[in-house]
Amino acid sequence: MSDRPDTRPDTRPATPLLDRVHQPADLKALSQRELRQLADELRAETIDAVSVTGGHLGAGLGVVELTVAIHAVFDTPRDKLIWDVGHQCYPHKILTGRRERIRSLRQKGGLSGFTKRSESPYDPFGAAHSSTSISAALGFAAARDLGGDPGDAIAVIGDGAMSAGMAFEAMNNAGHLDKRLFVILNDNEMSIAPPVGALSAYLTRLYAKGPFQELKAAAKGAVSLLPPPLQEGAKRAKEMLKGLAVGGTLFEELGFTYIGPVDGHDLDQLVPLLRAVRTRATGPVLIHAITRKGKGYAPAERAADKGHATAKFDVVTGAQVKAPSNAPSYTKVFAQALVRAAEADPKIVAVTAAMPDGTGLNLFAERFPRRCFDVGIAEQHGVTFAAGLAAGGMKPFCAIYSTFLQRGYDQVVHDVAIQRLPVRFAIDRAGLVGADGATHAGSFDVAFLSNLPGFVVMAAADEAELVHMVATAAAHDEGPIAFRYPRGEGTGVEMPEQGVPLEIGRGRIVAEGGRVAILSFGTRLAEVMRAREALAVRGLAPTVADARFAKPLDRELILRLAREHEALICVEEGAVGGFGSHVAQLLAEEGVFDRGLTFRSMVLPDIFIDQMSPEDMYAVAGMNAPQIEAKVLEVLGVAVATRRA
């Protein structure tokens, strides 16, 4: 064997850097070149994982470099990294010991699609609704200074989430308290790359040296410090930055040191900058990073929503894999019905809170651009804005997901209900929604709306009923009215050519039967009918009714069902305190229970149900056809024994 060294080139494939990163601490040993390579591998891994699971893609791709830079500089989980909303957290999960499970995202028993405290110590604060990160980070900072958990707090918040009042409330408080705190504004709406790139490159050189007070001065006077050829471009950038001027006038007035804008995809700028501010900051700092949503994946970059949310897809083409369906989605049915109503009534207007596509109001906006209002991620404002529209003589339809309407509840009570203003609430994503899990479940709207005086609350049993409920809401001017409907496709029923207003507070008998009556509120009606078919084989076909209204209740229908049957079972896609509770109150007040009626109310259980398919979620909740059938058999057994006694 020769002792001479082997000078032949090594043709063995290099071990991917991502295979060497098991926790963020592993990034500390990587060079700048290796961090750039790691970012490329992390982006590819994110794309591949989401192609298998579906989920939120564009937001994560836009923060790959930010994710790498933050974990390379800060000491997580000692330092608390809080991702606003959480749509962008998949790369973070890959770097924090969850890579082996990343293809279980949003699946039953798998990883959540959002940050989740119970899932990892690297998720110090759970999120799925927007604009909470700065408040939470400030709480961590205050706790640290009072002897609680040590470490810095870093909030990463998007420019869309920054539109919510809560973000500015938190910043105002943070500036007052003057706590050491880092806020990274992830701005992916700008298109000013050349001047921003020039400015941020120059600023990085300034930030990397000198004491912190000089850094602050450089940030405030950044444009004047640029070489003359770059000043004009930077001034244009300053004018374009939505009023958040270079130098950060608004943020500085709130007590923050403003730094930026910087290129959020340039690790050679991000890493030195974060090291500088981490070393020198004493109070709150805001770093304005310009990023591109969907960065590095052409199909996402080309998409209108930048690949915000996707089904499973082919990595090469970007083509999404969706199950075929002959039934339209409830969201589309609502939107089309509202457009038809607005064609006949020029007073109908629509309001959404940053969800025009999700609520279907993009279709309304295309037809009536002056009558459609997107208020941004600001549900509180959206509700009161709709109240003002109603007070001004218009007919507003306020289309908000059930889970997000919770954020505007005080305004629903104070600004709408008390004043009896005819705001029409179109509540999408009612009930259990599947892969988004507990944070997006529409579990509570029936309960929190039905207890408000003067409110009309409806739930569509199918897509045809939804069309009639849009017409009912359009015709209702006596006070606030709401109708709810689920995510996904309808049942495939025959659709009416035109919606017909329903009589307020009147339900309908769907099938006559005997012994037991099932009173359904909402789209569990299809499962109730399946249960009835199975029971009919046993000779126990129950009467089935569709309540349509949780408020006002159809007293006549309910009391008739109670009078003519041994047992009455209510079924609803909501938490306790909703429809069934109101029915029980009516029966108690009428003394029906004294006459021997057996009553049961099937509601969502008193737990938060983690992500899985909607069918699996309803199985956990005990509200699919087999569980409804079992409930009828159980009730009949109790009823027979009681009557014999």
# chains A, B, ... in the order shown; residues from 1 in each chain; ligands from 1
$ select_by_dssp --residues "region 207-444 of chain A" --states "strand (DSSP E or B)" --output "MDAnalysis selection string"
chainID A and resid 257:263 284:290 310 313 320 329 348:352 372:374 395:401 424:428 431 442
$ write_last_selection --atoms "C-alpha atoms" --output "mmCIF file, in the first residue's frame"
data_model
loop_
_atom_site.group_PDB
_atom_site.id
_atom_site.type_symbol
_atom_site.label_atom_id
_atom_site.label_comp_id
_atom_site.auth_asym_id
_atom_site.auth_seq_id
_atom_site.Cartn_x
_atom_site.Cartn_y
_atom_site.Cartn_z
ATOM 1 C CA THR A 257 -35.504 51.679 17.990
ATOM 2 C CA TYR A 258 -36.362 51.150 14.334
ATOM 3 C CA ILE A 259 -33.847 49.384 12.077
ATOM 4 C CA GLY A 260 -34.410 48.830 8.400
ATOM 5 C CA PRO A 261 -35.587 48.053 5.903
ATOM 6 C CA VAL A 262 -33.277 45.074 5.474
ATOM 7 C CA ASP A 263 -33.308 42.228 2.981
ATOM 8 C CA PRO A 284 -37.422 47.539 22.511
ATOM 9 C CA VAL A 285 -36.121 47.172 18.943
ATOM 10 C CA LEU A 286 -38.058 46.739 15.696
ATOM 11 C CA ILE A 287 -36.267 45.269 12.691
ATOM 12 C CA HIS A 288 -38.076 45.800 9.396
ATOM 13 C CA ALA A 289 -37.288 42.887 7.051
ATOM 14 C CA ILE A 290 -38.494 42.797 3.452
ATOM 15 C CA THR A 310 -52.429 24.368 -0.573
ATOM 16 C CA PHE A 313 -49.348 18.920 -4.671
ATOM 17 C CA GLN A 320 -52.633 20.416 -6.392
ATOM 18 C CA SER A 329 -68.647 24.457 -1.508
ATOM 19 C CA ILE A 348 -76.457 45.324 0.179
ATOM 20 C CA VAL A 349 -72.757 45.686 0.991
ATOM 21 C CA ALA A 350 -70.174 43.186 2.199
ATOM 22 C CA VAL A 351 -67.428 43.353 4.833
ATOM 23 C CA THR A 352 -64.558 40.928 5.385
ATOM 24 C CA CYS A 372 -67.136 45.355 -0.786
ATOM 25 C CA PHE A 373 -64.832 46.317 2.093
ATOM 26 C CA ASP A 374 -61.783 44.407 3.314
ATOM 27 C CA LYS A 395 -77.583 46.338 4.499
ATOM 28 C CA PRO A 396 -74.171 45.007 5.534
ATOM 29 C CA PHE A 397 -73.227 41.338 5.361
ATOM 30 C CA CYS A 398 -70.278 40.835 7.690
ATOM 31 C CA ALA A 399 -68.580 37.608 6.513
ATOM 32 C CA ILE A 400 -66.188 36.282 9.164
ATOM 33 C CA TYR A 401 -65.120 32.773 10.133
ATOM 34 C CA ARG A 424 -76.066 40.313 8.823
ATOM 35 C CA PHE A 425 -73.358 37.939 10.064
ATOM 36 C CA ALA A 426 -72.341 35.244 7.572
ATOM 37 C CA ILE A 427 -70.433 32.774 9.757
ATOM 38 C CA ASP A 428 -68.202 30.502 7.699
ATOM 39 C CA GLY A 431 -68.364 23.429 13.518
ATOM 40 C CA GLY A 442 -66.271 27.083 14.975
#
$ residues_around --residues "Gln585 (chain A)" --least-positions-apart "6" --cutoff "12 Å" --atoms "only C-alpha atoms" --output "list in words"
Leu553, Arg555, Ile558, Gly577, Gly578, Phe579, Gly591, Val592, Phe593, Phe599 and Ser601 of chain A
$ closest_residue --among "A:Phe256, A:Ala391, A:Leu636, A:Ala304" --to "Ala281 (chain A)" --atoms "only C-alpha atoms"
A:Phe256
$ select_by_dssp --residues "region 386-456 of chain A" --states "alpha helix (DSSP H)" --output "PyMOL selection string"
chain A and resi 386-391+402-405+409-411+445-450
$ closest_residue --among "A:Arg538, A:Arg563, A:His414, A:Arg98" --to "Ser112 (chain A)" --atoms "only C-alpha atoms"
A:Arg98
$ residues_around --residues "Met166 (chain A)" --least-positions-apart "4" --cutoff "10 Å" --atoms "only C-alpha atoms" --output "ChimeraX atom specification"
/A:130-135,161-162,170-172,378
$ closest_residue --among "A:Thr282, A:Lys116, A:Pro369, A:Arg78" --to "Asp178 (chain A)" --atoms "only C-alpha atoms"
A:Thr282
$ closest_atom_pairs --of "region 534-637 of chain A" --to "region 454-464 of chain A" --cutoff "6 Å" --atoms "only C-alpha atoms" --output "CSV"
residue,atom,partner,partner_atom,distance
A:Arg548,CA,A:Met458,CA,5.5
A:Phe549,CA,A:Met458,CA,4.5
A:Ala550,CA,A:Val457,CA,5.5
A:Lys551,CA,A:Val457,CA,5.1
$ write_last_selection --atoms "N, CA and C atoms" --output "CSV table (one decimal), in the first residue's frame"
chain,number,residue,atom,x,y,z
A,548,ARG,N,-83.6,24.9,12.0
A,548,ARG,CA,-83.3,26.2,11.3
A,548,ARG,C,-82.9,27.3,12.2
A,549,PHE,N,-83.6,27.5,13.3
A,549,PHE,CA,-83.4,28.7,14.1
A,549,PHE,C,-83.0,28.2,15.5
A,550,ALA,N,-81.9,28.8,16.1
A,550,ALA,CA,-81.6,28.6,17.5
A,550,ALA,C,-82.3,29.7,18.3
A,551,LYS,N,-82.5,30.9,17.6
A,551,LYS,CA,-83.1,32.0,18.2
A,551,LYS,C,-83.8,32.8,17.1
$ residues_around --residues "Met529 (chain A)" --least-positions-apart "2" --cutoff "10 Å" --atoms "only C-alpha atoms" --output "number ranges by chain"
A: 510-511, 518, 520, 524-527, 531-535, 541-544, 625, 628-629
$ residues_around --residues "Gly479 (chain A)" --least-positions-apart "4" --cutoff "6 Å" --atoms "only C-alpha atoms" --output "ChimeraX atom specification"
/A:420-422
$ atom_distance --atom1 "CA of His92 (chain A)" --atom2 "CA of Phe404 (chain A)"
25.1 Å
$ closest_residue --among "A:Lys295, A:Arg117, A:Arg506, A:Lys108" --to "Pro77 (chain A)" --atoms "only C-alpha atoms"
A:Arg117
$ atom_distance --atom1 "CA of Leu561 (chain A)" --atom2 "CA of Ala482 (chain A)"
25.4 Å
$ atom_distance --atom1 "CA of Phe168 (chain A)" --atom2 "CA of Val85 (chain A)"
15.9 Å
$ closest_residue --among "A:Ala417, A:Leu604, A:Ala164, A:Ala342" --to "His381 (chain A)" --atoms "only C-alpha atoms"
A:Ala164
$ residues_around --residues "Arg367 (chain A)" --least-positions-apart "2" --cutoff "12 Å" --atoms "only C-alpha atoms" --output "list of chain:residue names"
A:Ala335, A:Gln336, A:Leu338, A:Val339, A:Arg340, A:Ala341, A:Ala342, A:Glu343, A:Val349, A:Ala350, A:Leu361, A:Asn362, A:Leu363, A:Phe364, A:Ala365, A:Pro369, A:Arg370, A:Arg371, A:Cys372
